[in-house]
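This is upload.pdb. It holds PDB, C-alpha atoms.
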ATOM      1  CA  MET A   1      -4.934 -15.742 -13.107  1.00  0.00           C
ATOM      2  CA  ILE A   2      -1.787 -17.181 -14.690  1.00  0.00           C
ATOM      3  CA  ASN A   3      -0.184 -14.665 -17.077  1.00  0.00           C
ATOM      4  CA  GLY A   4      -2.636 -11.981 -15.964  1.00  0.00           C
ATOM      5  CA  VAL A   5      -1.645  -8.437 -15.057  1.00  0.00           C
ATOM      6  CA  PHE A   6      -3.054  -7.240 -11.740  1.00  0.00           C
ATOM      7  CA  GLU A   7      -2.732  -4.120  -9.652  1.00  0.00           C
ATOM      8  CA  VAL A   8      -1.490  -4.717  -6.118  1.00  0.00           C
ATOM      9  CA  GLU A   9      -4.315  -3.735  -3.779  1.00  0.00           C
ATOM     10  CA  GLU A  10      -2.298  -3.844  -0.582  1.00  0.00           C
ATOM     11  CA  ILE A  11       0.872  -5.160   0.977  1.00  0.00           C
ATOM     12  CA  ASP A  12       0.193  -6.962   4.238  1.00  0.00           C
ATOM     13  CA  GLU A  13       2.161  -6.963   7.482  1.00  0.00           C
ATOM     14  CA  TYR A  14       4.345  -9.804   6.146  1.00  0.00           C
ATOM     15  CA  GLY A  15       5.285  -7.862   3.008  1.00  0.00           C
ATOM     16  CA  LEU A  16       3.080  -9.966   0.720  1.00  0.00           C
ATOM     17  CA  PRO A  17       1.218  -8.250  -2.118  1.00  0.00           C
ATOM     18  CA  TRP A  18      -2.519  -8.953  -2.465  1.00  0.00           C
ATOM     19  CA  VAL A  19      -4.321  -9.026  -5.818  1.00  0.00           C
ATOM     20  CA  SER A  20      -7.937  -9.754  -6.795  1.00  0.00           C
ATOM     21  CA  LYS A  21      -9.780 -11.168  -9.785  1.00  0.00           C
ATOM     22  CA  CYS A  22     -13.519 -10.805 -10.533  1.00  0.00           C
ATOM     23  CA  TRP A  23     -15.631 -12.972 -12.816  1.00  0.00           C
ATOM     24  CA  ASN A  24     -19.068 -12.137 -14.162  1.00  0.00           C
ATOM     25  CA  ASP A  25     -21.455 -15.056 -13.613  1.00  0.00           C
ATOM     26  CA  LYS A  26     -23.732 -14.619 -16.618  1.00  0.00           C
ATOM     27  CA  ASN A  27     -26.178 -17.277 -15.399  1.00  0.00           C
ATOM     28  CA  GLU A  28     -26.803 -15.587 -12.076  1.00  0.00           C
ATOM     29  CA  GLY A  29     -26.122 -11.951 -13.016  1.00  0.00           C
ATOM     30  CA  GLU A  30     -23.654 -11.667 -10.162  1.00  0.00           C
ATOM     31  CA  TYR A  31     -19.912 -11.310  -9.750  1.00  0.00           C
ATOM     32  CA  THR A  32     -17.526 -13.722  -8.121  1.00  0.00           C
ATOM     33  CA  ALA A  33     -14.256 -12.407  -6.699  1.00  0.00           C
ATOM     34  CA  HIS A  34     -11.119 -14.013  -5.341  1.00  0.00           C
ATOM     35  CA  SER A  35      -8.201 -12.347  -3.559  1.00  0.00           C
ATOM     36  CA  VAL A  36      -4.826 -13.931  -2.906  1.00  0.00           C
ATOM     37  CA  ALA A  37      -1.517 -13.021  -1.317  1.00  0.00           C
ATOM     38  CA  LEU A  38       1.449 -13.898  -3.516  1.00  0.00           C
ATOM     39  CA  GLU A  39       4.831 -15.288  -2.505  1.00  0.00           C
ATOM     40  CA  SER A  40       7.860 -13.800  -4.285  1.00  0.00           C
ATOM     41  CA  HIS A  41       8.193 -16.805  -6.644  1.00  0.00           C
ATOM     42  CA  GLU A  42       4.562 -16.387  -7.800  1.00  0.00           C
ATOM     43  CA  TYR A  43       4.770 -12.977  -9.452  1.00  0.00           C
ATOM     44  CA  LYS A  44       6.900 -10.683 -11.546  1.00  0.00           C
ATOM     45  CA  LEU A  45       6.837  -6.967 -10.803  1.00  0.00           C
ATOM     46  CA  VAL A  46       6.352  -4.713 -13.820  1.00  0.00           C
ATOM     47  CA  ASN A  47       5.882  -0.953 -14.075  1.00  0.00           C
ATOM     48  CA  GLU A  48       3.173   0.213 -16.431  1.00  0.00           C
TER      49      GLU A  48
END
Encoded form (structure tokens):
Amino acid sequence: MINGVFEVEEIDEYGLPWVSKCWNDKNEGEYTAHSVALESHEYKLVNE
């Protein structure tokens, strides 16, 4: 997820933004997903 660009899905009650990443598991034909809350030193806000 480093250097990736992600849309913030929600901001929780502590003011932390949550983002998700999905991977296609070609061997199983399924998707794997991971969501994380980011601390202010872990992201840079950009407007696109």
Exercise for the section: Please evaluate the PyMOL selection byres ((chain A and resi 10) around 12) against the structure above and give the resulting residues as a PyMOL selection string. Expected result: chain A and resi 6-9+11-20+35-38
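Counting from CA of Asn24 in chain A, the distance to CA of Ser40 in chain A is 28.7 Å.
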Calculate, to one decimal in Å, the centre and edge lengths of the box along x, y and z of the file that holds all listed atoms of range 22-38 of chain A with 5 Å of margin on each side, and present them as AutoDock Vina command-line options.
--center_x -12.7 --center_y -14.0 --center_z -9.0 --size_x 38.3 --size_y 16.5 --size_z 25.3
Exercise for the section: Grab the CA of His34 in chain A to CA of Val5 in chain A distance for me, in Å with one decimal place. Expected result: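 Those two atoms sit 14.7 Å apart.
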Problem - Test item: the PyMOL selection byres ((chain A and resi 23) around 9) resolved as a ChimeraX atom specification - result: /A:21-22,24-25,30-34
